[in-house]
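Peer 1: One structure coming up, written as C-alpha cells, with questions to follow.
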Amino acid sequence: MCGVVGYIGQENCAPIILNGLKKLEYRGYDSAGLAISETPDVLKIIRAEGKLSNLERIFTQEPFEGSRGLGHIRWATHGAPTEVNAHPHVAGSIVLAHNGIIENYLYLRDKLASEGREFTSATDTEVVAHLIDSELENADDLHHAVRKALSQIEGSYAFVVMSVNEPETLVVARNAAPMVLGRNENAAFAASDIPAVLEHTRKFVFLNDGDTAVLTREKTSIFDAQGLPVDRPEKLIQWDPISAEKQGYKHFMLKEIFEQPTRIIDTLRGRTDLDAGDINLNEVDLDDAFLEQVNKITIIACGTSYYSAMVGKYLIEGHARIPVEVDLASEYRYRNPIVDGKTLCIAISQSGETADTLAALREAKKLGAKTMCICNVIESTIARESDAILYTHAGPEIAVASTKASTTQLVALSMLAIWLGRRKNTMSAEDGRAWIEALRAVPTAIETILNDLDPYKDIAKQFSSAISFLYLGRGAQFPVALEGALKLKEISYIHAEGYASGEMKHGPIALIDENMPIVAIAPNDDVYEKTVSNVMEAKARQGKIIAIVEEGDDNLSRVADVVIEIPTVDQRVQPIITYVAVQLISYFIADFKGTDIDQPRNLAKSVTVE
Ligand code: G6P
C-alpha cells in the first residue's frame, strides 16, 4: 500500500525522504514521486513508474535541494501505475501525497470540473489537491483550507500537503490510514510508518482519526476532528533502527525466518509463570466478570493472520472449552453476525492497519461485543480501537510474506488459551505448566530446523518447475497446510492449494498425477495415522510426496520422495514448528526461481483499502 514521507527542517531533505521511502518499500508499491521546495516559491517534482530506483535515477541525473519536501510510493487503486498517476499531485499552489481511498471522488471531481478545474490523472488524490486549492480562496491559511476540504471528503486518508504560498509549513491529515509524526532538534517528520524516519528520531506522536497537524521547523501543532488544538502523547520507540535492515541476509524474509527463535522469546518474556502453570496477562484488559460470562469467541483476520486464527480455534476450543468461530474479516461485517455482550471478538493483525479487519472489529464493537486484538505494531489503529491488546513483540516485519509475525501470533494464541483455560477451570496447573514448558522449548526446536536447510534446497531443485502444489494437513495442521500453500503462491507464483487431508478424496485427488508435488504435514499427533492413509491414497496416484514428519518417523518417511524431519515437540506447539518448515519450502523455491521475494508482484504488506 502507499507510503508517505514528509520533512520540514534545516537539512537538505531529498536524501532523507528517498531513504525514508526505501524503508517503506515493504508496503508494496508500483510507482514513486518526490517534491522538494527548492526555494520558498519553487517546488521541484519528479515521478517515476516502477521501483524507487527509477525515481532515484532521475534524481541523480539532475539533483535538487531544499529543506522542505514530501515523497510517496504508490500502490495503484484509481488509475494504472503510470508516471502521470504517481504522487505527488499538484493543483494550483498545492502539492499533495496521499495514502487511502477517497470514496466520493467522482462526485467531487465532477463538481470541481464544472468549476473549470482540469485533471491530469485518473486518481482520487488529485481531486483532494484541487479541492484544497479551491478552498484556499476562502480560507485563512493552508491548514484552514485543508480542514474545509476534509469536511467534504468521504473515505480513508493519510496525507501530507504543502503550498508554495506557505513555505514554512507542512500540513498533515489522517483518517483510517496510518500516519506518525516525529521530531528531533532540527526537523519535523511525517510518515506512514515508524521505520521510515527511525534513524532521525525515536520520539513519535500517533495521530487519531480526524486529526490534522501543522508542522513547522520549530513546532508541531495537532488539532482534533473539531479543529481544536489537542495534545497527543509522545511515545519513545525502543527498537534499534538496525532491526529494520537486512543484516547480511539475502532477503528480509530469510532474516525474519531466522529471527523467529528470538522473537518468540520476546513474545513469552515476562508472561509465563511456570510455578503456577499460568500466564500473566495483566496487560490484557478483560475483567473477571466478563470472562465468567463469555460464551463465544469470534476471531477475525485476513491472509496469514487468518490461518493463525484457525490454529487459535483448535487451541482455545480444545483447551479453554469456549466455542470459537473464525471469520475472514472481509466476510464478517456483511454476514449479519450474531453478537451480544457475551461475545469476545479478537482481531488478529500484524500491521494493525488492515482495512477489512479494522472494519470487522468496528462492526463487532457496534453490535456489542467486547473486543481484543493480537497485534504486532504498537499504537496501530486496530490496537488503539480494541478494548484489550495482546502485542506479539515480533519487531518490524519488512518482507511482505509474514513469517515471524505469524509464529508469534501462534505463541500469543497459545498463551491466551492457557490463560482462558486456567480462568475457566478447564485446565489444571499441571497442564498449564506442561504447555508453558513446551512453548519455552519452541525456540530451540526452530533453531534445529534452521541448522539444516539442505532438504529445502533439495526440494527447490526438484520441484521449482511444478505447475501446482497440494498441501495436506489434519487438525491443527490443516491451517498450516493453508498457510503453506498461501506462502508458496505469494512469493514463488506457483499455484498451490491447502486442503484438509481427509477432504482430498472429495476433489483434489482428481488433480494428482506424477507431476504433482504433495506436501504432507504429518507430525506425530492424534490424527497421524489418518493423515498417513490419505497420503498413501495420493502416493497410489503417482503424486510426489514431500513429507514433513518428526525425527525418527518410520512410516511416512519410507514412502515419501523427500523427507523433512522436524524435532519432536508437544502436540500443542507443533503448528509453530511446522509453520517454519512450510516457510522454508516456499522461500527456497522462490529463491531458486529468482522472484522478488520481499516484494512480490501485486501484493502489499499493509492493506489499508477494503
Ligand atoms: C496482506 C499481507 C499478508 C498479511 C495480510 C493481513 O495481504 O500481504 O502477508 O497476512 O495482509 O495483514 P495483517 O497486517 O492484518 O496481519
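All residue names refer to the C-alpha cells as shown: chains lettered A, B, ... in order, residues numbered from 1 in each chain, ligands numbered from 1 in order.
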Please check which protein, DNA or RNA residues sit within 10 Å of ligand 1, counting only C-alpha atoms and all ligand atoms, and write them as a PyMOL selection string.

Peer 2: chain A and resi 1+26-28+300-308+329+347-358+374-377+382+397+399-403+405-406+409+483+486-487+490+599-600+602-608

Peer 1: Using DSSP on the backbone coordinates, identify all residues within segment 285-408 of chain A classified as strand (DSSP E); present the result as a list in words.

Peer 2: Lys296, Ile297, Thr298, Ile299, Ile300, Ala301, Val324, Glu325, Val326, Asp327, Leu328, Thr343, Leu344, Cys345, Ile346, Ala347, Ile348, Ser349, Lys370, Thr371, Met372, Cys373, Ile374, Cys375, Ala388, Ile389, Leu390 and Tyr391 of chain A

Peer 1: Just to confirm, what's the straight-line distance from atom CA of Ser31 of chain A to atom CA of Ala76 of chain A in Å (one decimal)?

Peer 2: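 Here the two named atoms are 8.2 Å from each other.
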
Peer 1: Using only C-alpha atoms, which residue out of A:Pro261, A:Pro233, A:Gly552, A:Pro337 lies closest to Lys203 of chain A?

Peer 2: A:Pro233

Peer 1: Would you mind telling me which residue in A:Ala196, A:Ala113, A:Leu215, A:Leu181 lies nearest to Arg232 of chain A when using only C-alpha atoms?

Peer 2: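 Result for the nearest residue to Arg232 of chain A: A:Leu181.
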
Peer 1: Neighbours of Tyr332 of chain A within 9 Å (only C-alpha atoms; same-chain residues fewer than 6 positions away dropped), as a PyMOL selection string?

Peer 2: chain A and resi 300+360+363-364

Peer 1: So that I can see what lies close to segment 129-133 of chain A, please list as a VMD selection string the residues with an atom at most 7 Å from it, counting only C-alpha atoms and leaving out residues fewer than 6 positions away in the same chain.

Peer 2: chain A and resid 89 to 96 145 to 146 149

Peer 1: Kindly give the distance, in Å, that separates atom CA of Glu437 of chain A and atom CA of Val573 of chain A, rounded to a single decimal.

Peer 2: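 It comes out at 10.3 Å.
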
Peer 1: State, in Å with one decimal place, the distance from atom CA of Leu286 of chain A to atom CA of Val324 of chain A.

Peer 2: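 A separation of 17.2 Å between them.
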
Peer 1: Closest to Ala173 of chain A among A:Gly507, A:Gly484, A:Gly6, A:Gly79, using only C-alpha atoms?

Peer 2: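 Closest to Ala173 of chain A of all the choices is A:Gly6.
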